[in-house]
$ cat data38.cif   # mmCIF, C-alpha atoms
data_input
#
loop_
_atom_site.label_atom_id
_atom_site.label_comp_id
_atom_site.auth_asym_id
_atom_site.auth_seq_id
_atom_site.Cartn_x
_atom_site.Cartn_y
_atom_site.Cartn_z
CA MET A 1 207.10 -13.12 -75.48
CA SER A 2 206.63 -12.48 -79.16
CA LEU A 3 203.11 -12.97 -80.35
CA VAL A 4 204.17 -15.04 -83.34
CA PHE A 5 206.21 -17.35 -81.16
CA GLN A 6 203.32 -17.67 -78.70
CA SER A 7 200.83 -18.62 -81.36
CA LEU A 8 203.34 -21.08 -82.86
CA ILE A 9 203.71 -22.80 -79.49
CA ARG A 10 199.98 -22.95 -78.94
CA ARG A 11 199.13 -24.36 -82.33
CA THR A 12 201.71 -27.14 -82.48
CA PRO A 13 200.61 -30.29 -80.72
CA SER A 14 202.39 -31.06 -77.49
CA THR A 15 204.03 -34.19 -78.82
CA PHE A 16 206.30 -32.10 -81.04
CA ILE A 17 207.50 -29.54 -78.50
CA ALA A 18 208.11 -30.43 -74.90
CA ARG A 19 206.78 -27.49 -72.95
CA ILE A 20 210.01 -25.73 -72.04
CA PRO A 21 209.37 -23.71 -68.92
CA ARG A 22 209.30 -20.19 -70.32
CA ARG A 23 208.85 -18.14 -67.24
CA LEU A 24 209.25 -14.48 -66.96
CA TRP A 25 211.54 -13.85 -69.94
CA SER A 26 211.44 -10.43 -71.47
CA SER A 27 210.22 -10.08 -75.03
CA SER A 28 213.74 -9.67 -76.45
CA GLY A 29 214.90 -12.82 -74.71
CA LYS A 30 218.16 -11.26 -73.45
CA PHE A 31 217.38 -10.83 -69.74
CA PRO A 32 214.69 -11.87 -67.24
CA SER A 33 211.96 -9.31 -66.71
CA HIS A 34 211.65 -9.99 -62.99
CA PRO A 35 214.27 -10.85 -60.32
CA MET A 36 212.31 -14.00 -59.51
CA GLY A 37 213.39 -15.43 -62.85
CA THR A 38 217.15 -15.35 -62.09
CA GLU A 39 219.21 -18.32 -61.08
CA GLU A 40 220.54 -16.42 -58.11
CA TYR A 41 217.08 -16.09 -56.61
CA GLU A 42 216.13 -19.65 -57.26
CA ASN A 43 219.28 -21.09 -55.75
CA GLN A 44 218.95 -19.16 -52.49
CA PRO A 45 219.25 -21.28 -49.33
CA ARG A 46 215.63 -21.80 -48.32
CA LYS A 47 214.38 -21.91 -44.73
CA SER A 48 211.46 -24.07 -43.67
CA ILE A 49 208.10 -22.37 -43.51
CA THR A 50 207.82 -22.95 -39.74
CA GLU A 51 210.90 -20.87 -38.94
CA LEU A 52 210.55 -17.17 -38.48
CA PRO A 53 212.81 -14.90 -40.55
CA ASP A 54 215.79 -13.51 -38.65
CA GLU A 55 214.33 -10.03 -38.27
CA LEU A 56 211.33 -11.27 -36.31
CA THR A 57 213.14 -13.57 -33.84
CA GLU A 58 213.72 -12.28 -30.35
CA ARG A 59 217.09 -13.89 -29.79
CA GLY A 60 218.97 -10.72 -29.06
CA THR A 61 216.30 -8.64 -27.35
CA LYS A 62 214.89 -11.10 -24.78
CA PRO A 63 216.97 -11.58 -21.62
CA GLU A 64 217.99 -15.10 -20.65
CA PHE A 65 216.41 -16.70 -17.60
CA ILE A 66 218.98 -16.35 -14.85
CA SER A 67 217.64 -17.91 -11.61
CA GLY A 68 216.89 -21.58 -11.12
CA TYR A 69 213.46 -23.14 -10.52
CA GLU A 70 212.00 -26.20 -8.82
CA SER A 71 208.95 -28.22 -9.84
CA THR A 72 206.40 -29.31 -7.25
CA LYS A 73 203.10 -31.10 -7.26
CA ASP A 74 201.52 -28.95 -4.54
CA GLY A 75 198.80 -26.47 -5.30
CA TRP A 76 196.96 -28.72 -7.78
CA ASP A 77 193.68 -27.23 -6.57
CA TRP A 78 194.59 -23.86 -8.06
CA VAL A 79 195.28 -25.49 -11.41
CA ASP A 80 192.15 -27.64 -11.24
CA ASN A 81 190.06 -24.54 -10.65
CA VAL A 82 191.08 -23.14 -14.02
CA LEU A 83 190.63 -26.25 -16.17
CA PHE A 84 187.50 -26.79 -18.28
CA LYS A 85 185.29 -29.52 -16.90
CA SER A 86 182.36 -31.32 -18.45
CA ALA A 87 180.55 -32.32 -15.26
CA ILE A 88 178.11 -29.64 -14.10
CA PRO A 89 178.28 -28.94 -10.33
CA GLU A 90 175.24 -29.29 -8.10
CA PRO A 91 173.64 -25.95 -7.16
CA PRO A 92 172.95 -24.83 -3.54
CA ASN A 93 169.59 -25.46 -1.89
CA HIS A 94 168.84 -21.79 -1.21
CA PRO A 95 168.06 -18.81 -3.44
CA THR A 96 171.17 -17.02 -4.70
CA PRO A 97 171.76 -13.25 -4.96
CA SER A 98 171.50 -13.40 -8.77
CA GLY A 99 167.81 -14.30 -8.49
CA TRP A 100 168.14 -18.03 -9.08
CA VAL A 101 165.64 -20.07 -7.10
CA PRO A 102 165.93 -23.84 -6.52
CA PRO A 103 162.91 -25.98 -7.40
CA ASP A 104 160.47 -26.90 -4.60
CA PRO A 105 159.34 -30.53 -5.06
CA ARG A 106 156.74 -30.35 -2.28
CA LEU A 107 155.00 -27.43 -3.97
CA ALA A 108 155.43 -28.83 -7.48
CA ARG A 109 153.92 -32.20 -6.68
CA GLN A 110 150.35 -30.95 -6.38
CA TRP A 111 149.93 -29.82 -10.00
CA PRO A 112 148.85 -32.21 -12.80
CA TYR A 113 151.82 -31.07 -14.90
CA PHE A 114 155.57 -30.74 -14.36
CA VAL A 115 158.14 -28.41 -15.92
CA ASP A 116 161.67 -29.77 -15.67
CA ARG A 117 164.88 -27.76 -15.49
CA ASP A 118 167.59 -28.09 -18.11
CA ARG A 119 171.03 -29.52 -17.37
CA PHE A 120 172.24 -26.13 -16.11
CA HIS A 121 169.44 -25.99 -13.52
CA SER A 122 167.65 -23.08 -15.24
CA TYR A 123 164.16 -22.78 -16.72
CA ALA A 124 163.75 -24.08 -20.28
CA LEU A 125 162.46 -20.69 -21.40
CA TYR A 126 163.58 -19.25 -24.74
CA VAL A 127 162.82 -16.49 -27.24
CA ARG A 128 161.80 -17.34 -30.78
CA ILE A 129 161.90 -14.77 -33.57
CA LEU A 130 160.18 -15.36 -36.90
CA PRO A 131 159.82 -13.06 -39.90
CA VAL A 132 156.47 -11.56 -40.77
CA MET A 133 154.73 -12.91 -43.83
CA LEU A 134 154.34 -9.80 -45.97
CA GLU A 135 151.38 -9.59 -48.24
CA TYR A 136 152.41 -10.81 -51.62
CA TRP A 137 150.44 -11.08 -54.81
CA LEU A 138 149.50 -14.61 -55.80
CA HIS A 139 152.21 -14.84 -58.43
CA GLU A 140 154.80 -13.78 -55.82
CA GLN A 141 153.85 -16.26 -53.10
CA HIS A 142 157.14 -18.15 -53.52
CA ARG A 143 158.94 -15.00 -52.40
CA TYR A 144 157.94 -15.69 -48.80
CA TYR A 145 160.10 -18.80 -48.78
CA LEU A 146 163.00 -16.97 -50.43
CA ASN A 147 162.79 -14.24 -47.83
CA ILE A 148 163.26 -16.59 -44.93
CA PHE A 149 166.98 -16.78 -45.70
CA ARG A 150 169.19 -15.66 -42.86
CA ARG A 151 170.26 -12.30 -44.22
CA ARG A 152 166.70 -11.24 -44.87
CA VAL A 153 165.66 -12.38 -41.40
CA GLU A 154 168.50 -10.34 -39.87
CA TYR A 155 167.33 -7.28 -41.75
CA ASP A 156 163.82 -7.90 -40.51
CA ILE A 157 165.16 -8.06 -36.96
CA TYR A 158 167.00 -4.75 -37.54
CA ALA A 159 163.85 -3.18 -38.94
CA GLN A 160 161.88 -4.57 -35.96
CA ARG A 161 159.46 -6.19 -38.34
CA THR A 162 159.27 -9.59 -36.65
CA ARG A 163 156.98 -11.76 -34.59
CA ARG A 164 158.40 -12.65 -31.19
CA PHE A 165 157.42 -15.63 -29.08
CA SER A 166 158.36 -17.09 -25.72
CA LEU A 167 158.94 -20.83 -25.74
CA LEU A 168 158.56 -23.07 -22.68
CA GLU A 169 159.99 -26.57 -23.06
CA LEU A 170 160.51 -29.78 -21.05
CA ILE A 171 156.88 -30.13 -20.01
CA SER A 172 155.43 -33.43 -18.87
CA GLY A 173 151.94 -34.27 -17.68
CA ASP A 174 148.77 -32.41 -18.65
CA ILE A 175 149.96 -29.73 -21.07
CA TRP A 176 146.52 -28.22 -21.63
CA ALA A 177 146.02 -27.60 -17.92
CA LEU A 178 149.38 -25.82 -17.80
CA ASP A 179 148.43 -23.82 -20.89
CA HIS A 180 145.16 -22.74 -19.23
CA ASP A 181 146.86 -21.75 -15.97
CA LEU A 182 149.61 -19.91 -17.79
CA LYS A 183 147.20 -17.87 -19.91
CA ALA A 184 145.10 -17.00 -16.85
CA TYR A 185 148.20 -15.80 -14.99
CA LEU A 186 149.45 -13.74 -17.91
CA THR A 187 146.09 -12.06 -18.57
CA LYS A 188 145.82 -11.16 -14.86
CA ARG A 189 149.32 -9.71 -14.96
CA VAL A 190 148.49 -7.73 -18.11
CA HIS A 191 145.40 -6.23 -16.47
CA LEU A 192 147.53 -5.20 -13.49
CA THR A 193 149.82 -3.14 -15.70
CA ASP A 194 146.79 -1.31 -17.18
CA ASP A 195 148.41 -1.12 -20.60
CA LYS A 196 145.80 -0.35 -23.27
CA SER A 197 147.89 -1.82 -26.11
CA LYS A 198 148.11 -5.24 -24.48
CA GLU A 199 144.44 -5.90 -23.82
CA LEU A 200 144.26 -8.36 -26.69
CA PRO A 201 143.93 -12.01 -25.63
CA ILE A 202 147.12 -13.93 -24.99
CA LEU A 203 147.58 -16.50 -27.74
CA SER A 204 149.53 -19.69 -27.32
CA GLN A 205 150.35 -22.79 -29.30
CA VAL A 206 150.62 -26.19 -27.62
CA ASP A 207 152.71 -28.94 -29.21
CA GLU A 208 151.96 -32.28 -27.58
CA ILE A 209 154.63 -34.17 -29.48
CA LYS A 210 157.50 -31.78 -28.87
CA ARG A 211 156.16 -31.00 -25.36
CA HIS A 212 156.37 -27.24 -25.58
CA ILE A 213 154.18 -24.14 -25.30
CA LEU A 214 154.72 -21.13 -27.56
CA VAL A 215 153.24 -17.85 -26.27
CA GLU A 216 152.94 -14.87 -28.62
CA GLY A 217 154.78 -11.90 -27.17
CA GLU A 218 157.87 -11.58 -25.01
CA TYR A 219 156.60 -12.64 -21.62
CA GLU A 220 159.79 -14.33 -20.38
CA GLU A 221 160.03 -12.62 -16.99
CA TRP A 222 156.35 -13.15 -16.22
CA ILE A 223 156.51 -16.83 -17.20
CA ALA A 224 159.58 -17.19 -14.95
CA ASP A 225 157.60 -15.67 -12.07
CA PHE A 226 154.75 -18.07 -12.82
CA LEU A 227 157.15 -21.03 -12.65
CA LYS A 228 158.62 -19.74 -9.39
CA GLU A 229 155.17 -19.54 -7.85
CA LYS A 230 154.38 -23.11 -8.89
CA GLY A 231 157.67 -24.38 -7.48
CA PHE A 232 159.17 -25.74 -10.74
CA LYS B 1 163.10 -64.53 -11.21
CA LEU B 2 166.08 -63.42 -9.17
CA GLY B 3 165.13 -60.03 -7.80
CA ILE B 4 164.17 -56.42 -8.37
CA VAL B 5 166.22 -53.92 -10.36
CA ASP B 6 166.20 -50.18 -9.65
CA LEU B 7 165.97 -48.02 -12.76
CA HIS B 8 166.73 -44.32 -13.08
CA PRO B 9 163.68 -42.23 -14.07
CA SER B 10 165.64 -39.80 -16.24
CA ILE B 11 166.33 -42.66 -18.66
CA TRP B 12 163.46 -45.10 -18.13
CA GLN B 13 160.57 -42.73 -17.38
CA THR B 14 160.95 -39.75 -19.68
CA SER B 15 158.12 -38.02 -21.48
CA PRO B 16 158.64 -39.83 -24.78
CA ARG B 17 159.68 -37.52 -27.62
CA LEU B 18 158.43 -39.25 -30.76
CA ASP B 19 159.75 -36.54 -33.06
CA ILE B 20 163.29 -37.05 -31.77
CA LEU B 21 162.86 -40.81 -32.17
CA TYR B 22 161.88 -40.26 -35.79
CA GLU B 23 164.88 -37.99 -36.38
CA ASN B 24 167.23 -40.62 -34.96
CA ILE B 25 165.87 -43.33 -37.22
CA GLU B 26 166.07 -41.07 -40.28
CA TRP B 27 169.64 -40.17 -39.37
CA GLN B 28 170.65 -43.79 -39.04
CA LYS B 29 169.20 -44.51 -42.45
CA THR B 30 170.51 -41.52 -44.40
CA TYR B 31 173.96 -40.76 -43.00
CA LYS B 32 175.44 -43.80 -44.74
CA LYS B 33 173.72 -43.04 -48.04
CA ILE B 34 175.79 -42.16 -51.10
CA ASP B 35 174.05 -41.39 -54.38
CA TRP B 36 176.25 -42.66 -57.23
CA ALA B 37 174.18 -41.19 -60.08
CA TYR B 38 176.38 -39.38 -62.60
CA THR B 39 175.55 -37.92 -66.01
CA PRO B 40 178.56 -36.54 -67.88
CA PRO B 41 178.30 -32.84 -68.74
CA HIS B 42 178.80 -31.50 -72.24
CA HIS B 43 182.59 -31.22 -72.06
CA GLU B 44 182.89 -34.94 -71.35
CA TYR B 45 181.09 -35.93 -74.54
CA PRO B 46 182.81 -36.71 -77.85
CA SER B 47 183.58 -33.95 -80.32
CA MET B 48 180.92 -31.31 -80.37
CA ARG B 49 182.03 -29.86 -83.73
CA GLY B 50 180.25 -30.74 -86.88
CA LYS B 51 176.74 -30.24 -88.01
CA PRO B 52 175.06 -33.61 -88.62
CA TRP B 53 173.64 -32.30 -91.91
CA PRO B 54 173.74 -28.91 -93.66
CA GLN B 55 171.54 -26.10 -92.44
CA LYS B 56 169.38 -25.90 -95.53
CA GLY B 57 168.43 -28.29 -98.30
CA THR B 58 167.54 -31.46 -96.44
CA GLY B 59 164.01 -31.39 -95.20
CA ARG B 60 165.07 -32.13 -91.61
CA ALA B 61 165.25 -29.86 -88.58
CA ARG B 62 168.33 -27.71 -88.21
CA HIS B 63 170.90 -28.97 -85.69
CA LYS B 64 174.38 -27.98 -84.65
CA SER B 65 175.58 -31.22 -83.11
CA LYS B 66 174.49 -34.78 -82.44
CA PHE B 67 174.84 -34.57 -78.68
CA ASP B 68 172.63 -31.64 -77.70
CA PRO B 69 170.23 -32.25 -74.78
CA GLN B 70 167.22 -32.66 -77.05
CA TRP B 71 168.84 -35.62 -78.80
CA LYS B 72 168.61 -39.21 -77.69
CA GLY B 73 171.99 -40.03 -76.17
CA GLY B 74 172.84 -36.38 -75.63
CA TYR B 75 174.28 -34.71 -72.58
CA LYS B 76 172.21 -33.31 -69.70
CA VAL B 77 172.92 -29.81 -68.54
CA HIS B 78 172.05 -29.97 -64.83
CA GLY B 79 172.04 -33.70 -64.29
CA PRO B 80 173.26 -35.53 -61.18
CA LYS B 81 176.99 -34.93 -60.82
CA GLY B 82 179.07 -37.53 -59.19
CA PRO B 83 178.77 -39.26 -55.85
CA THR B 84 176.77 -37.12 -53.43
CA SER B 85 176.91 -38.01 -49.79
CA PHE B 86 174.10 -37.51 -47.32
CA PHE B 87 176.38 -37.63 -44.30
CA TYR B 88 175.53 -35.57 -41.25
CA VAL B 89 175.85 -36.09 -37.51
CA LEU B 90 172.78 -35.57 -35.35
CA PRO B 91 173.48 -33.42 -32.27
CA LYS B 92 174.52 -35.36 -29.19
CA GLU B 93 171.57 -34.20 -27.10
CA LYS B 94 169.10 -35.52 -29.67
CA ARG B 95 170.84 -38.88 -29.89
CA VAL B 96 170.85 -39.23 -26.11
CA GLU B 97 167.21 -38.20 -25.84
CA GLY B 98 166.35 -40.67 -28.61
CA LEU B 99 167.95 -43.53 -26.67
CA CYS B 100 166.16 -42.54 -23.46
CA THR B 101 162.82 -42.35 -25.29
CA ALA B 102 163.35 -45.73 -26.95
CA LEU B 103 164.20 -47.38 -23.63
CA THR B 104 161.20 -45.75 -21.93
CA VAL B 105 158.88 -46.95 -24.68
CA LYS B 106 160.26 -50.49 -24.50
CA LEU B 107 159.93 -50.63 -20.73
CA HIS B 108 156.38 -49.39 -20.64
CA GLN B 109 155.35 -51.84 -23.36
CA ASN B 110 156.74 -54.76 -21.28
CA ASP B 111 159.43 -55.59 -23.80
CA VAL B 112 162.52 -55.20 -21.60
CA HIS B 113 163.95 -58.06 -19.55
CA PHE B 114 166.96 -58.05 -17.26
CA VAL B 115 169.26 -61.04 -16.97
CA ASP B 116 172.25 -61.63 -14.69
CA SER B 117 174.49 -62.90 -17.51
CA LEU B 118 174.32 -64.43 -20.98
CA ASP B 119 175.73 -67.86 -19.98
CA LEU B 120 173.90 -70.88 -21.37
CA PRO B 121 174.39 -74.57 -20.52
CA THR B 122 174.36 -75.75 -24.16
CA HIS B 123 175.19 -74.32 -27.56
CA GLN B 124 172.10 -75.85 -29.16
CA PRO B 125 169.92 -73.16 -30.74
CA THR B 126 166.75 -75.08 -29.80
CA TYR B 127 167.49 -74.51 -26.11
CA LEU B 128 167.55 -70.74 -26.57
CA GLN B 129 164.49 -70.75 -28.83
CA GLU B 130 162.42 -72.78 -26.38
CA LEU B 131 163.55 -70.56 -23.51
CA ALA B 132 162.45 -67.47 -25.43
CA GLU B 133 159.09 -69.07 -26.28
CA ASP B 134 158.43 -70.07 -22.69
CA ARG B 135 159.10 -66.56 -21.47
CA PHE B 136 156.98 -65.00 -24.25
CA TRP B 137 159.92 -63.10 -25.72
CA GLY B 138 158.96 -61.97 -29.23
CA PRO B 139 160.16 -63.27 -32.59
CA SER B 140 163.25 -61.03 -32.47
CA VAL B 141 165.38 -60.50 -29.39
CA LEU B 142 168.28 -58.12 -28.85
CA PHE B 143 170.76 -59.34 -26.24
CA VAL B 144 172.97 -56.56 -24.85
CA ASP B 145 176.09 -57.31 -22.84
CA ASP B 146 178.70 -54.85 -21.58
CA THR B 147 181.70 -56.24 -23.54
CA ASP B 148 181.94 -57.32 -27.15
CA ILE B 149 183.33 -60.75 -26.27
CA MET B 150 180.32 -62.98 -25.60
CA PRO B 151 180.13 -66.48 -24.11
CA HIS B 152 180.54 -69.25 -26.72
CA ASN B 153 177.19 -70.96 -26.20
CA ILE B 154 175.00 -67.97 -26.80
CA MET B 155 177.18 -67.01 -29.75
CA PHE B 156 176.51 -70.31 -31.55
CA ALA B 157 172.86 -70.43 -30.55
CA SER B 158 172.01 -66.93 -31.77
CA ALA B 159 174.06 -67.30 -34.96
CA LYS B 160 171.76 -70.12 -36.06
CA THR B 161 168.56 -68.38 -34.98
CA GLU B 162 167.00 -65.77 -37.18
CA GLY B 163 166.15 -62.59 -35.28
CA PHE B 164 168.39 -63.10 -32.24
CA THR B 165 171.14 -60.48 -32.14
CA LEU B 166 174.06 -60.04 -29.77
CA MET B 167 175.30 -56.53 -29.16
CA PRO B 168 177.77 -54.78 -26.87
CA VAL B 169 176.80 -51.59 -25.06
CA TYR B 170 178.62 -49.33 -27.49
CA GLY B 171 176.49 -50.66 -30.36
CA LEU B 172 173.17 -49.69 -28.77
CA ASN B 173 171.08 -47.60 -31.19
CA VAL B 174 167.48 -46.51 -31.59
CA TYR B 175 166.87 -48.41 -34.82
CA SER B 176 167.95 -51.76 -33.37
CA ILE B 177 166.02 -51.23 -30.14
CA LEU B 178 162.80 -50.59 -32.04
CA LYS B 179 163.42 -53.20 -34.75
CA HIS B 180 163.80 -56.08 -32.30
CA THR B 181 160.64 -56.97 -30.41
CA THR B 182 162.33 -57.73 -27.10
CA LEU B 183 165.33 -56.19 -25.41
CA VAL B 184 167.31 -58.34 -22.98
CA LEU B 185 169.95 -56.55 -20.90
CA THR B 186 172.49 -57.96 -18.50
CA ILE B 187 172.90 -56.19 -15.19
CA ARG B 188 176.42 -55.11 -16.05
CA ALA B 189 175.21 -53.68 -19.35
CA LEU B 190 172.43 -51.82 -17.54
CA ASN B 191 174.90 -50.24 -15.12
CA LYS B 192 177.16 -49.15 -17.94
CA ILE B 193 174.31 -47.72 -20.02
CA GLU B 194 172.90 -45.79 -17.09
CA LYS B 195 176.30 -44.39 -16.17
CA LYS B 196 177.02 -43.22 -19.72
CA LEU B 197 173.56 -41.78 -20.38
CA LEU B 198 173.41 -39.97 -17.07
CA HIS B 199 176.81 -38.46 -17.70
CA ALA B 200 175.67 -37.33 -21.15
CA LEU B 201 172.40 -35.91 -19.78
CA HIS B 202 174.01 -33.92 -16.98
CA SER B 203 177.24 -32.65 -18.50
CA CYS B 204 178.21 -30.08 -21.10
CA ASP B 205 181.04 -31.14 -23.39
CA ASN B 206 182.14 -28.27 -25.55
CA PRO B 207 184.30 -29.92 -28.23
CA LYS B 208 186.37 -26.74 -28.54
CA ASP B 209 187.51 -26.98 -24.95
CA GLN B 210 188.62 -30.56 -24.79
CA PRO B 211 188.92 -33.63 -27.01
CA ALA B 212 186.33 -36.40 -26.76
CA PRO B 213 187.21 -39.12 -24.25
CA PRO B 214 188.12 -42.51 -25.74
CA ASP B 215 185.37 -45.13 -25.87
CA GLU B 216 185.54 -47.78 -23.20
CA PRO B 217 186.14 -51.27 -24.57
#

$ encode --input "data38.cif" --output "structure tokens"
Amino acid sequence: MSLVFQSLIRRTPSTFIARIPRRLWSSSGKFPSHPMGTEEYENQPRKSITELPDELTERGTKPEFISGYESTKDGWDWVDNVLFKSAIPEPPNHPTPSGWVPPDPRLARQWPYFVDRDRFHSYALYVRILPVMLEYWLHEQHRYYLNIFRRRVEYDIYAQRTRRFSLLELISGDIWALDHDLKAYLTKRVHLTDDKSKELPILSQVDEIKRHILVEGEYEEWIADFLKEKGF
Amino acid sequence: KLGIVDLHPSIWQTSPRLDILYENIEWQKTYKKIDWAYTPPHHEYPSMRGKPWPQKGTGRARHKSKFDPQWKGGYKVHGPKGPTSFFYVLPKEKRVEGLCTALTVKLHQNDVHFVDSLDLPTHQPTYLQELAEDRFWGPSVLFVDDTDIMPHNIMFASAKTEGFTLMPVYGLNVYSILKHTTLVLTIRALNKIEKKLLHALHSCDNPKDQPAPPDEP
């Protein structure tokens, strides 16, 4: 469109000129600069968006269904097996080949604490990964909080520059007694492996309000063995 | 006293999680909150052209417009913009655990009473008040029945009494349980609550797999 005409349109207030739709006209004004501007294109018969264009339909290629069918209501069990269900089934009363062990209430009753199973009948034992607080100068201390954003934490995990913990939840009763027994078991197990790098004391954090124990280091399998021995 | 009621330990004898109780109460307070504070930004102020007085000559400070942020009555650059909502939905497991903790706490502080039904002989509020005083029920009582249609007499009596609330099972929430001193449940309400809470505690509903079931009336 001519520059003079454009600036004329823009400077005059809109009350004087109704904005005539000036779409896609060439600068000479004799023909449209794009096929989308033609009347022919705009007056095409339009299909609905939900219909596929003719090239993509399978009307010609797919064979028609020839034989008849009958509907029955037998075999519902096969269908029921496949459906998603919210109710969790009860587990068997014996150890399974995968290594799952049912809880032993007789054995568990003697301790002053109790560790419950979660709704899937497994131990409430999880891994927690936190970033390391790098040493920052005093004027950069706020950077620690900026660096806890997810991307930075993922890079820390990639660079293996993280602190790892094992978390044991769903504890009731005397948490400190459980903490003491757990640390004793883990230190004994560490001595058995004779690993020089792991001779440092096992540190743990007890939260009485959230009812959990956080152990520094990835001791999930050993804590699971501890719980199996206690019968939880 | 009519008899003994059996209660399920998963609901009525949990290890009480006070942090989850706090989160439930905070959720109930904040999810309805909308902050209506709004300060118009600079493009919603009247014309910004025009110096209030010439740059030099007058002994006053130099200014470009009357509505800059340093002026009284001027715009604010990063002020509160429009209604902000604080809506969020607490995860289902935390809400369920909050209810179980609240019920456990109430039971072990001797503030839960079970009743066969909420039928009263009269609609006089004094009858209900004297009954509550005789039984040492606190200043505020929460009556929970299984349906939302209550008998007429208790409806009139509790409407006139301050602190007595009627509630169906689907309205049970942590804030109300802790706000009212005493909790009075009918046996039918107890059965319904236990059934629903046990189902929620021992099932896994992935919302992607199936739609939520409709609430029972």

$ closest_atom_pairs --input "data38.cif" --of "chain B" --to "chain A" --cutoff "10 Å" --atoms "only C-alpha atoms" --output "CSV"
residue,atom,partner,partner_atom,distance
B:Thr14,CA,A:Ser172,CA,8.4
B:Ser15,CA,A:Ser172,CA,5.9
B:Pro16,CA,A:Ile209,CA,8.4
B:Arg17,CA,A:Lys210,CA,6.3
B:Leu18,CA,A:Ile209,CA,6.5
B:Asp19,CA,A:Ile209,CA,6.7
B:Ile20,CA,A:Lys210,CA,8.3
B:His199,CA,A:Ala87,CA,7.6
B:Ala200,CA,A:Ala87,CA,9.1
B:Leu201,CA,A:Arg119,CA,7.0
B:His202,CA,A:Arg119,CA,5.3
B:Ser203,CA,A:Ala87,CA,4.6
B:Cys204,CA,A:Ser86,CA,5.1
B:Asp205,CA,A:Ser86,CA,5.1
B:Asn206,CA,A:Ser86,CA,7.7
B:Asp209,CA,A:Phe84,CA,6.7
B:Gln210,CA,A:Phe84,CA,7.6

$ atom_distance --input "data38.cif" --atom1 "atom CA of B:Val112" --atom2 "atom CA of B:Leu183"
4.8 Å

$ resolve_selection --input "data38.cif" --expression "the PyMOL selection byres ((chain B and resi 82-85) around 12)" --output "list in words"
Thr30, Tyr31, Lys32, Lys33, Ile34, Asp35, Trp36, Ala37, Tyr38, Thr39, Pro40, Pro41, His78, Gly79, Pro80, Lys81, Phe86, Phe87 and Tyr88 of chain B

$ resolve_selection --input "data38.cif" --expression "the PyMOL selection byres ((chain A and resi 176) around 12)" --output "list in words"
Pro112, Tyr113, Phe114, Ile171, Ser172, Gly173, Asp174, Ile175, Ala177, Leu178, Asp179, His180, Asp181, Leu182, Lys183, Ser204, Gln205, Val206, Asp207, Glu208, Arg211, His212 and Ile213 of chain A

$ write_last_selection --input "data38.cif" --atoms "C-alpha atoms" --output "compact mmCIF listing (two decimals), in the coordinates of the input"
# COMPACT_ATOMS: atom_id res chain seq x y z
CA PRO A 112 148.85 -32.21 -12.80
CA TYR A 113 151.82 -31.07 -14.90
CA PHE A 114 155.57 -30.74 -14.36
CA ILE A 171 156.88 -30.13 -20.01
CA SER A 172 155.43 -33.43 -18.87
CA GLY A 173 151.94 -34.27 -17.68
CA ASP A 174 148.77 -32.41 -18.65
CA ILE A 175 149.96 -29.73 -21.07
CA ALA A 177 146.02 -27.60 -17.92
CA LEU A 178 149.38 -25.82 -17.80
CA ASP A 179 148.43 -23.82 -20.89
CA HIS A 180 145.16 -22.74 -19.23
CA ASP A 181 146.86 -21.75 -15.97
CA LEU A 182 149.61 -19.91 -17.79
CA LYS A 183 147.20 -17.87 -19.91
CA SER A 204 149.53 -19.69 -27.32
CA GLN A 205 150.35 -22.79 -29.30
CA VAL A 206 150.62 -26.19 -27.62
CA ASP A 207 152.71 -28.94 -29.21
CA GLU A 208 151.96 -32.28 -27.58
CA ARG A 211 156.16 -31.00 -25.36
CA HIS A 212 156.37 -27.24 -25.58
CA ILE A 213 154.18 -24.14 -25.30

$ residues_around --input "data38.cif" --residues "A:Gln110" --least-positions-apart "6" --cutoff "12 Å" --atoms "all atoms listed in the file" --output "VMD selection string"
chain A and resid 104 173 230 to 232

$ residues_around --input "data38.cif" --residues "stretch 188-197 of chain A" --least-positions-apart "2" --cutoff "12 Å" --atoms "only C-alpha atoms" --output "PyMOL selection string"
chain A and resi 181-186+199-202+217+219+221-223+225-226

$ residues_around --input "data38.cif" --residues "B:Leu142" --least-positions-apart "6" --cutoff "9 Å" --atoms "all atoms listed in the file" --output "ChimeraX atom specification"
/B:163-167,176-177,180-185

$ atom_distance --input "data38.cif" --atom1 "atom CA of B:Asp119" --atom2 "atom CA of B:Leu99"
26.4 Å

$ resolve_selection --input "data38.cif" --expression "the PyMOL selection byres ((chain A and resi 99) around 12)" --output "ChimeraX atom specification"
/A:94-98,100-102,122,221,224-225,228

$ atom_distance --input "data38.cif" --atom1 "atom CA of B:Asn153" --atom2 "atom CA of B:Val5"
25.7 Å

$ residues_around --input "data38.cif" --residues "stretch 43-59 of chain B" --least-positions-apart "3" --cutoff "12 Å" --atoms "only C-alpha atoms" --output "CSV table (one decimal) with C-alpha atoms, keeping the file's coordinate frame"
chain,number,residue,atom,x,y,z
B,38,TYR,CA,176.4,-39.4,-62.6
B,39,THR,CA,175.6,-37.9,-66.0
B,40,PRO,CA,178.6,-36.5,-67.9
B,62,ARG,CA,168.3,-27.7,-88.2
B,63,HIS,CA,170.9,-29.0,-85.7
B,64,LYS,CA,174.4,-28.0,-84.6
B,65,SER,CA,175.6,-31.2,-83.1
B,66,LYS,CA,174.5,-34.8,-82.4
B,67,PHE,CA,174.8,-34.6,-78.7
B,68,ASP,CA,172.6,-31.6,-77.7
B,69,PRO,CA,170.2,-32.2,-74.8
B,71,TRP,CA,168.8,-35.6,-78.8
B,73,GLY,CA,172.0,-40.0,-76.2
B,74,GLY,CA,172.8,-36.4,-75.6
B,75,TYR,CA,174.3,-34.7,-72.6
B,76,LYS,CA,172.2,-33.3,-69.7
B,77,VAL,CA,172.9,-29.8,-68.5
